[in-house]
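Q: Just entry18.tsv, nothing more (TSV, C-alpha atoms and all ligand atoms):
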chain	number	residue	atom	x	y	z
O	1	MET	CA	-15.17	59.18	-42.50
O	2	THR	CA	-14.34	57.86	-45.92
O	3	LYS	CA	-12.82	60.20	-48.45
O	4	LEU	CA	-13.02	59.81	-52.19
O	5	PHE	CA	-9.28	59.32	-52.19
O	6	ASP	CA	-9.68	56.13	-50.09
O	7	LEU	CA	-12.24	54.68	-52.46
O	8	ILE	CA	-10.18	55.51	-55.52
O	9	ALA	CA	-7.10	53.93	-53.96
O	10	ARG	CA	-9.02	50.71	-53.39
O	11	LEU	CA	-10.56	50.68	-56.87
O	12	GLU	CA	-7.19	51.36	-58.47
O	13	GLY	CA	-5.66	48.53	-56.47
O	14	TRP	CA	-8.16	46.17	-58.06
O	15	TYR	CA	-8.22	47.90	-61.45
O	16	PRO	CA	-4.90	49.68	-62.01
O	17	PRO	CA	-5.38	52.52	-64.55
O	18	LYS	CA	-2.05	51.66	-66.18
O	19	THR	CA	-3.55	48.34	-67.31
O	20	ALA	CA	-6.23	50.15	-69.37
O	21	ASP	CA	-6.02	50.12	-73.16
O	22	ASP	CA	-4.00	53.01	-74.66
O	23	TRP	CA	-7.08	54.75	-76.12
O	24	ASP	CA	-8.99	54.58	-72.87
O	25	ALA	CA	-9.56	57.32	-70.25
O	26	PRO	CA	-10.56	55.76	-66.91
O	27	GLY	CA	-10.39	57.69	-63.64
O	28	LEU	CA	-11.95	60.72	-61.99
O	29	VAL	CA	-14.24	62.78	-64.25
O	30	THR	CA	-15.57	65.24	-61.68
O	31	GLY	CA	-15.08	65.77	-57.97
O	32	SER	CA	-12.34	66.33	-55.43
O	33	SER	CA	-10.36	63.44	-54.00
O	34	SER	CA	-10.66	65.05	-50.54
O	35	GLN	CA	-14.48	65.04	-50.48
O	36	ILE	CA	-16.32	62.80	-48.05
O	37	VAL	CA	-18.23	59.85	-49.49
O	38	GLU	CA	-21.16	58.24	-47.68
O	39	LYS	CA	-23.27	56.91	-50.53
O	40	VAL	CA	-22.16	55.56	-53.92
O	41	LEU	CA	-24.22	54.74	-57.00
O	42	LEU	CA	-22.82	52.09	-59.37
O	43	THR	CA	-23.78	52.13	-63.05
O	44	VAL	CA	-22.58	51.07	-66.50
O	45	ASP	CA	-23.24	54.50	-68.04
O	46	VAL	CA	-23.73	58.06	-66.86
O	47	THR	CA	-27.00	59.37	-68.30
O	48	ASP	CA	-29.54	62.04	-67.41
O	49	ALA	CA	-31.62	59.41	-65.58
O	50	VAL	CA	-28.59	58.12	-63.66
O	51	ILE	CA	-27.65	61.63	-62.49
O	52	GLU	CA	-31.28	62.14	-61.40
O	53	GLU	CA	-31.14	58.82	-59.52
O	54	ALA	CA	-27.87	59.87	-57.83
O	55	ILE	CA	-29.40	63.19	-56.74
O	56	GLN	CA	-32.54	61.49	-55.41
O	57	LEU	CA	-30.42	58.99	-53.48
O	58	GLY	CA	-28.18	61.68	-52.05
O	59	ALA	CA	-25.14	59.92	-53.52
O	60	ASN	CA	-21.74	61.62	-53.29
O	61	LEU	CA	-20.14	59.48	-55.99
O	62	VAL	CA	-21.14	57.69	-59.18
O	63	VAL	CA	-18.86	54.82	-60.16
O	64	ALA	CA	-19.46	54.15	-63.86
O	65	HIS	CA	-17.97	51.57	-66.18
O	66	HIS	CA	-17.85	53.80	-69.25
O	67	PRO	CA	-15.78	57.03	-69.09
O	68	TYR	CA	-18.10	59.99	-69.53
O	69	LEU	CA	-15.50	62.14	-71.36
O	70	LEU	CA	-13.77	59.51	-73.46
O	71	ARG	CA	-13.63	61.59	-76.62
O	72	GLY	CA	-12.44	65.18	-77.00
O	73	VAL	CA	-14.79	67.74	-75.50
O	74	GLN	CA	-14.69	71.42	-76.50
O	75	SER	CA	-17.61	72.67	-74.43
O	76	LEU	CA	-19.79	71.96	-71.42
O	77	ASP	CA	-22.64	74.02	-72.87
O	78	GLU	CA	-25.59	73.16	-70.66
O	79	SER	CA	-28.02	73.29	-73.56
O	80	LEU	CA	-26.41	69.99	-74.59
O	81	ALA	CA	-26.85	66.73	-72.68
O	82	LYS	CA	-23.25	66.17	-71.65
O	83	GLY	CA	-22.77	69.69	-70.29
O	84	ALA	CA	-26.13	69.62	-68.53
O	85	ASN	CA	-25.45	66.26	-66.86
O	86	LEU	CA	-21.97	67.22	-65.70
O	87	ALA	CA	-23.17	70.60	-64.40
O	88	ARG	CA	-25.97	68.92	-62.42
O	89	ALA	CA	-23.50	66.44	-60.93
O	90	ILE	CA	-21.00	69.13	-60.00
O	91	ARG	CA	-23.65	71.39	-58.45
O	92	ALA	CA	-24.92	68.46	-56.38
O	93	ASN	CA	-21.36	67.63	-55.23
O	94	ILE	CA	-21.50	64.27	-56.97
O	95	ALA	CA	-18.12	62.96	-58.07
O	96	ILE	CA	-17.95	60.70	-61.13
O	97	TYR	CA	-15.31	58.02	-61.49
O	98	SER	CA	-14.90	55.29	-64.09
O	99	ALA	CA	-13.06	51.98	-64.34
O	100	HIS	CA	-13.27	50.80	-67.95
O	101	THR	CA	-10.88	48.52	-69.85
O	102	ASN	CA	-8.81	48.25	-66.65
O	103	ALA	CA	-11.95	46.69	-65.10
O	104	ASP	CA	-12.77	44.63	-68.21
O	105	ILE	CA	-9.57	42.63	-68.00
O	106	ALA	CA	-9.19	42.17	-64.25
O	107	ASP	CA	-9.70	39.10	-62.14
O	108	GLY	CA	-12.93	40.21	-60.48
O	109	GLY	CA	-13.71	42.36	-63.49
O	110	VAL	CA	-16.37	42.60	-66.17
O	111	SER	CA	-15.62	39.58	-68.36
O	112	GLN	CA	-14.97	37.47	-65.26
O	113	ALA	CA	-18.39	38.44	-63.91
O	114	LEU	CA	-20.01	37.26	-67.15
O	115	ALA	CA	-18.02	34.02	-66.95
O	116	ASP	CA	-19.19	33.55	-63.36
O	117	LEU	CA	-22.80	34.16	-64.42
O	118	LEU	CA	-22.53	31.08	-66.66
O	119	GLY	CA	-20.44	29.08	-64.18
O	120	LEU	CA	-17.41	28.71	-66.48
O	121	SER	CA	-14.74	26.50	-64.96
O	122	ASP	CA	-10.99	26.80	-65.63
O	123	ALA	CA	-11.62	30.22	-67.16
O	124	VAL	CA	-8.64	32.15	-68.51
O	125	ALA	CA	-8.43	35.36	-70.51
O	126	LEU	CA	-9.36	34.89	-74.16
O	127	SER	CA	-6.76	37.43	-75.31
O	128	ASN	CA	-3.71	35.82	-73.71
O	129	GLY	CA	-4.57	32.66	-71.74
O	130	GLU	CA	-3.63	34.33	-68.46
O	131	GLN	CA	-5.62	35.22	-65.34
O	132	THR	CA	-6.10	38.81	-66.49
O	133	GLY	CA	-6.75	40.02	-70.01
O	134	HIS	CA	-9.65	40.68	-72.36
O	135	GLY	CA	-12.47	38.13	-72.51
O	136	ARG	CA	-12.63	34.70	-70.94
O	137	VAL	CA	-12.73	31.10	-72.22
O	138	GLY	CA	-13.61	28.09	-70.12
O	139	GLN	CA	-15.77	24.99	-69.78
O	140	VAL	CA	-19.43	24.43	-68.95
O	141	ALA	CA	-21.26	21.16	-68.30
O	142	PRO	CA	-22.30	19.78	-71.71
O	143	THR	CA	-25.39	21.58	-72.96
O	144	THR	CA	-26.90	22.77	-76.21
O	145	LEU	CA	-26.51	26.15	-77.81
O	146	GLY	CA	-30.22	26.82	-77.39
O	147	ALA	CA	-30.23	25.85	-73.71
O	148	LEU	CA	-27.17	28.02	-73.04
O	149	ALA	CA	-28.85	30.98	-74.72
O	150	GLN	CA	-31.95	30.41	-72.58
O	151	VAL	CA	-29.83	30.35	-69.42
O	152	LEU	CA	-28.18	33.60	-70.48
O	153	ALA	CA	-31.55	35.19	-71.20
O	154	SER	CA	-32.84	34.18	-67.77
O	155	ARG	CA	-29.78	35.45	-65.87
O	156	LEU	CA	-29.09	38.73	-67.68
O	157	PRO	CA	-31.19	41.79	-66.88
O	158	ALA	CA	-34.01	42.17	-69.39
O	159	THR	CA	-33.48	44.27	-72.52
O	160	ALA	CA	-35.58	44.91	-75.62
O	161	GLY	CA	-33.05	43.18	-77.88
O	162	GLY	CA	-32.92	39.97	-75.84
O	163	VAL	CA	-30.37	37.31	-76.84
O	164	LYS	CA	-29.57	36.72	-80.54
O	165	VAL	CA	-28.00	33.46	-81.68
O	166	ALA	CA	-26.22	32.36	-84.88
O	167	GLY	CA	-25.89	28.56	-84.97
O	168	ASP	CA	-27.93	25.37	-84.56
O	169	PHE	CA	-30.19	25.25	-81.49
O	170	ASP	CA	-29.11	21.65	-80.73
O	171	GLN	CA	-25.36	22.17	-81.19
O	172	LEU	CA	-23.33	20.62	-78.35
O	173	VAL	CA	-21.61	23.29	-76.24
O	174	GLU	CA	-18.88	22.58	-73.70
O	175	ARG	CA	-16.27	25.25	-74.33
O	176	VAL	CA	-17.46	28.85	-74.06
O	177	ALA	CA	-15.61	32.03	-75.05
O	178	LEU	CA	-17.01	35.40	-74.09
O	179	CYS	CA	-16.22	39.07	-73.81
O	180	GLY	CA	-18.20	41.67	-71.88
O	181	GLY	CA	-18.84	44.76	-73.99
O	182	ALA	CA	-18.14	45.12	-77.71
O	183	GLY	CA	-16.02	42.09	-78.55
O	184	ASP	CA	-15.91	41.55	-82.28
O	185	SER	CA	-12.16	42.25	-82.26
O	186	LEU	CA	-11.75	38.97	-80.33
O	187	ILE	CA	-13.60	36.75	-82.81
O	188	GLY	CA	-10.26	35.45	-84.10
O	189	ALA	CA	-9.15	34.60	-80.57
O	190	ALA	CA	-12.47	32.83	-79.96
O	191	ILE	CA	-11.92	30.71	-83.09
O	192	SER	CA	-8.32	29.93	-82.06
O	193	SER	CA	-9.42	28.95	-78.56
O	194	GLY	CA	-11.49	26.07	-79.92
O	195	ALA	CA	-14.64	27.47	-78.32
O	196	ASP	CA	-18.00	25.99	-79.32
O	197	VAL	CA	-19.64	29.40	-78.91
O	198	TYR	CA	-18.56	33.01	-78.60
O	199	ILE	CA	-20.72	35.35	-76.53
O	200	THR	CA	-20.30	39.12	-76.80
O	201	SER	CA	-22.11	42.35	-77.69
O	202	ASP	CA	-22.44	44.72	-80.63
O	203	LEU	CA	-21.50	42.11	-83.23
O	204	ARG	CA	-21.53	43.89	-86.59
O	205	HIS	CA	-22.71	42.33	-89.84
O	206	HIS	CA	-19.37	41.73	-91.57
O	207	PRO	CA	-17.29	40.35	-88.67
O	208	ALA	CA	-20.22	38.16	-87.62
O	209	GLN	CA	-20.88	36.90	-91.15
O	210	ASP	CA	-17.17	36.22	-91.74
O	211	ALA	CA	-17.02	34.27	-88.48
O	212	ARG	CA	-20.08	32.20	-89.37
O	213	GLU	CA	-18.73	31.47	-92.87
O	214	HIS	CA	-15.46	30.35	-91.30
O	215	ALA	CA	-17.33	28.19	-88.80
O	216	ILE	CA	-19.53	26.56	-91.43
O	217	HIS	CA	-16.46	25.85	-93.58
O	218	ALA	CA	-14.57	24.44	-90.57
O	219	GLY	CA	-17.32	22.24	-89.13
O	220	GLY	CA	-19.83	24.52	-87.42
O	221	LYS	CA	-18.14	26.28	-84.54
O	222	PRO	CA	-17.97	28.69	-82.97
O	223	SER	CA	-21.58	29.72	-83.02
O	224	LEU	CA	-22.25	33.30	-81.92
O	225	ILE	CA	-24.45	34.79	-79.22
O	226	ASP	CA	-25.02	38.53	-79.29
O	227	ILE	CA	-26.23	40.10	-76.03
O	228	SER	CA	-26.91	43.63	-74.84
O	229	HIS	CA	-23.70	45.59	-74.18
O	230	TRP	CA	-25.29	47.15	-71.10
O	231	ALA	CA	-26.59	43.83	-69.74
O	232	ALA	CA	-23.22	42.12	-70.26
O	233	GLU	CA	-21.49	44.78	-68.17
O	234	TYR	CA	-24.27	45.37	-65.64
O	235	VAL	CA	-23.70	41.87	-64.21
O	236	TRP	CA	-20.35	43.12	-62.86
O	237	LEU	CA	-21.94	45.75	-60.62
O	238	ASP	CA	-23.48	43.55	-57.89
O	239	GLY	CA	-20.15	41.87	-57.18
O	240	LEU	CA	-18.35	45.20	-57.21
O	241	ALA	CA	-20.85	46.68	-54.76
O	242	ALA	CA	-20.40	43.70	-52.42
O	243	ARG	CA	-16.62	43.91	-52.66
O	244	LEU	CA	-16.64	47.64	-51.92
O	245	ALA	CA	-19.07	47.17	-49.02
O	246	ASP	CA	-16.64	44.66	-47.48
O	247	SER	CA	-13.92	47.31	-47.61
O	248	PHE	CA	-15.92	50.37	-46.51
O	249	ASP	CA	-18.52	49.55	-43.88
O	250	GLN	CA	-19.38	53.24	-43.33
O	251	VAL	CA	-20.37	53.72	-46.98
O	252	GLU	CA	-23.59	52.60	-48.67
O	253	PHE	CA	-23.24	51.15	-52.17
O	254	VAL	CA	-26.29	51.07	-54.46
O	255	VAL	CA	-26.47	49.44	-57.90
O	256	SER	CA	-28.42	51.68	-60.27
O	257	ASP	CA	-31.94	50.66	-61.24
O	258	VAL	CA	-31.67	52.57	-64.51
O	259	ARG	CA	-31.50	50.45	-67.66
O	260	THR	CA	-29.06	52.40	-69.83
O	261	ASP	CA	-29.38	50.00	-72.75
O	262	PRO	CA	-30.50	52.45	-75.47
O	263	TRP	CA	-33.19	50.21	-77.04
O	264	ASP	CA	-36.78	50.35	-75.82
O	265	PHE	CA	-38.79	47.85	-77.84
O	266	LEU	CA	-38.50	45.20	-80.53
O	267	VAL	CA	-40.88	44.52	-83.40
O	268	THR	CA	-40.61	40.88	-84.42
O	269	GLN	CA	-41.43	39.77	-87.99
U	1	ZN	ZN	-18.67	48.68	-72.52
Could you write out this structure as structure tokens?
Ligand SMILES: [Zn+2]
A:
Amino acid sequence: MTKLFDLIARLEGWYPPKTADDWDAPGLVTGSSSQIVEKVLLTVDVTDAVIEEAIQLGANLVVAHHPYLLRGVQSLDESLAKGANLARAIRANIAIYSAHTNADIADGGVSQALADLLGLSDAVALSNGEQTGHGRVGQVAPTTLGALAQVLASRLPATAGGVKVAGDFDQLVERVALCGGAGDSLIGAAISSGADVYITSDLRHHPAQDAREHAIHAGGKPSLIDISHWAAEYVWLDGLAARLADSFDQVEFVVSDVRTDPWDFLVTQ
């Protein structure tokens, strides 16, 4: 019999909570470390649909990337979504656990999974040049910006927003910087790394425009590729499920089918 404590110990060996960013709140959200776990659902986000999926599956644990109670909570009023979802999980004996920035930075973590999706070689962390840290930078076989974006679009799970690119379609790309999740704070590191392109999510107007102005002034790079935050992090889940299954052969690990990207359709002009 596997207890939640055993699973948490393994996860925290791979993703030590003390390596999370100061503002972060990874760890156990609901549940008892002594409860028995036979089925686990892996997801980027906890949502109403994910809790429903967990109940239908008979899961005892949801492992989520994003902490469900990251910001201050004054109430679990069940007329509100957060209270209702947590109450449903607790009543169904479903524990919720998250590994967030501690999973982002790890070898075998979120940014590494995105780097592996593109086959980056010699990848190191973008934030510090080491094996662990935020983002990754490495090499790909020479390609064009447009072809790289097409590869990304074909390998990421589908989302309404697709893959947005700032740069010339035919630009030569050999050095790729990336960061799973919202990575505009690492634009400066991407520029310093000499990357031909920087791939991340949630790029806002001003940081993106400043980066493109810098690139145009400095010779054209890095170009930018903006991808779905959910899709960028979802690619970590299959590898995590396989790794957990190797460690716990009595437990079933299921990657959620729910697309928690908030956008539903795109109207092109
Ligand atoms: Zn994220």
Q: With only C-alpha atoms and all ligand atoms as the basis for distance, which of O:Leu86, O:Ala59, O:Leu4, O:Ile227 is at the shortest distance from ligand ZN 1 (chain U)?
A: O:Ile227
Q: Could you tell me, counting only C-alpha atoms and all ligand atoms, which protein and nucleic acid residues lie no more than 8 Å from ligand ZN 1 (chain U), written as a VMD selection string?
A: chain O and resid 44 65 to 66 100 180 to 182 229 to 230 233
Q: Under the rule that all atoms listed in the file are counted, which of O:Ala106, O:Ala113, O:Ala189, O:Val163 is the nearest residue to Pro17 (chain O)?
A: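 With all atoms listed in the file as the atom set, the closest residue is O:Ala106.
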Q: Quick one: pull the distance between CA of Ile191 (chain O) and CA of Lys221 (chain O), Å, one decimal.
A: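 That distance, rounded to one decimal, is 7.8 Å.
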Q: Please provide the set of residues having any atom within 10 Å of Ser121 (chain O), restricted to all atoms listed in the file, with same-chain residues fewer than 2 positions apart removed, written as a PDB file with C-alpha atoms, in the coordinates of the input.
A:
ATOM      1  CA  ALA O 115     -18.020  34.020 -66.950  1.00  0.00           C
ATOM      2  CA  ASP O 116     -19.190  33.550 -63.360  1.00  0.00           C
ATOM      3  CA  LEU O 118     -22.530  31.080 -66.660  1.00  0.00           C
ATOM      4  CA  GLY O 119     -20.440  29.080 -64.180  1.00  0.00           C
ATOM      5  CA  ALA O 123     -11.620  30.220 -67.160  1.00  0.00           C
ATOM      6  CA  VAL O 124      -8.640  32.150 -68.510  1.00  0.00           C
ATOM      7  CA  VAL O 137     -12.730  31.100 -72.220  1.00  0.00           C
ATOM      8  CA  GLY O 138     -13.610  28.090 -70.120  1.00  0.00           C
ATOM      9  CA  GLN O 139     -15.770  24.990 -69.780  1.00  0.00           C
ATOM     10  CA  VAL O 140     -19.430  24.430 -68.950  1.00  0.00           C
ATOM     11  CA  ALA O 141     -21.260  21.160 -68.300  1.00  0.00           C
ATOM     12  CA  ARG O 175     -16.270  25.250 -74.330  1.00  0.00           C
ATOM     13  CA  VAL O 176     -17.460  28.850 -74.060  1.00  0.00           C
TER      14      VAL O 176
END
Q: One number please: CA of Asp45 (chain O) to CA of Leu237 (chain O), in Å, one decimal.
A: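 Straight-line distance from CA of Asp45 (chain O) to CA of Leu237 (chain O) works out to 11.5 Å.
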Q: Taking (-20.8, 27.8, -81.1) in the file's coordinates, which residues come within 8 Å, counting all atoms listed in the file, written as a PyMOL selection string?
A: chain O and resi 145+167+171+173+176+195-198+220-224
Q: Would you please work out which residue, of O:Tyr234, O:Phe248, O:Trp14, O:Tyr97, is nearest to Ala158 (chain O) when using only C-alpha atoms?
A: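 That would be O:Tyr234, the residue with the smallest distance to Ala158 (chain O).
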Q: Which residue gives the smallest distance to Val258 (chain O) among O:Asn93, O:Ser192, O:Gln150, O:Thr47, with all atoms listed in the file counted?
A: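 Going through O:Asn93, O:Ser192, O:Gln150, O:Thr47 one by one, the smallest distance to Val258 (chain O) is for O:Thr47.
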Q: Under the rule that only C-alpha atoms are counted, which of O:Arg91, O:Leu76, O:Val40, O:Val255 is the nearest residue to Trp236 (chain O)?
A: O:Val255
Q: How many Å lie between CA of Thr200 (chain O) and CA of Ser98 (chain O), rounded to one decimal?
A: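 That distance, rounded to one decimal, is 21.3 Å.
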Q: So that I can check the surroundings of Gln112 (chain O), please list as a list of chain:residue names every protein, DNA and RNA residue that reaches within 8 Å of it, counting all atoms listed in the file and ignoring chain neighbours fewer than 5 positions away.
A: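 So, after excluding close chain neighbours, the residues are O:Ile105, O:Ala106, O:Asp107, O:Gly135, O:Arg136.
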Q: Point out the residue among O:Gly108, O:Pro26, O:Gly58, O:Gly31 with the least atom-to-atom distance to Leu244 (chain O), counting only C-alpha atoms.
A: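 Of the candidates, the smallest distance to Leu244 (chain O) is held by O:Gly108.
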Q: List the spatial neighbours of region 80-84 of chain O as a PyMOL selection string - criterion: any atom at most 10 Å away, all atoms listed in the file, same-chain residues fewer than 5 positions off excluded.
A: chain O and resi 46-48+68-69+73+75+89-90
Q: Around the point (-7.9, 47.5, -68.0), in the coordinates given by the file, pick out the residues reaching within 8 Å, counting only C-alpha atoms, and return them as a list in words.
A: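 Final list of nearby residues, as requested, is Tyr15, Pro16, Pro17, Lys18, Thr19, Ala20, Asp21, Ala99, His100, Thr101, Asn102, Ala103, Asp104, Ile105, Ala106 and Gly133 of chain O.
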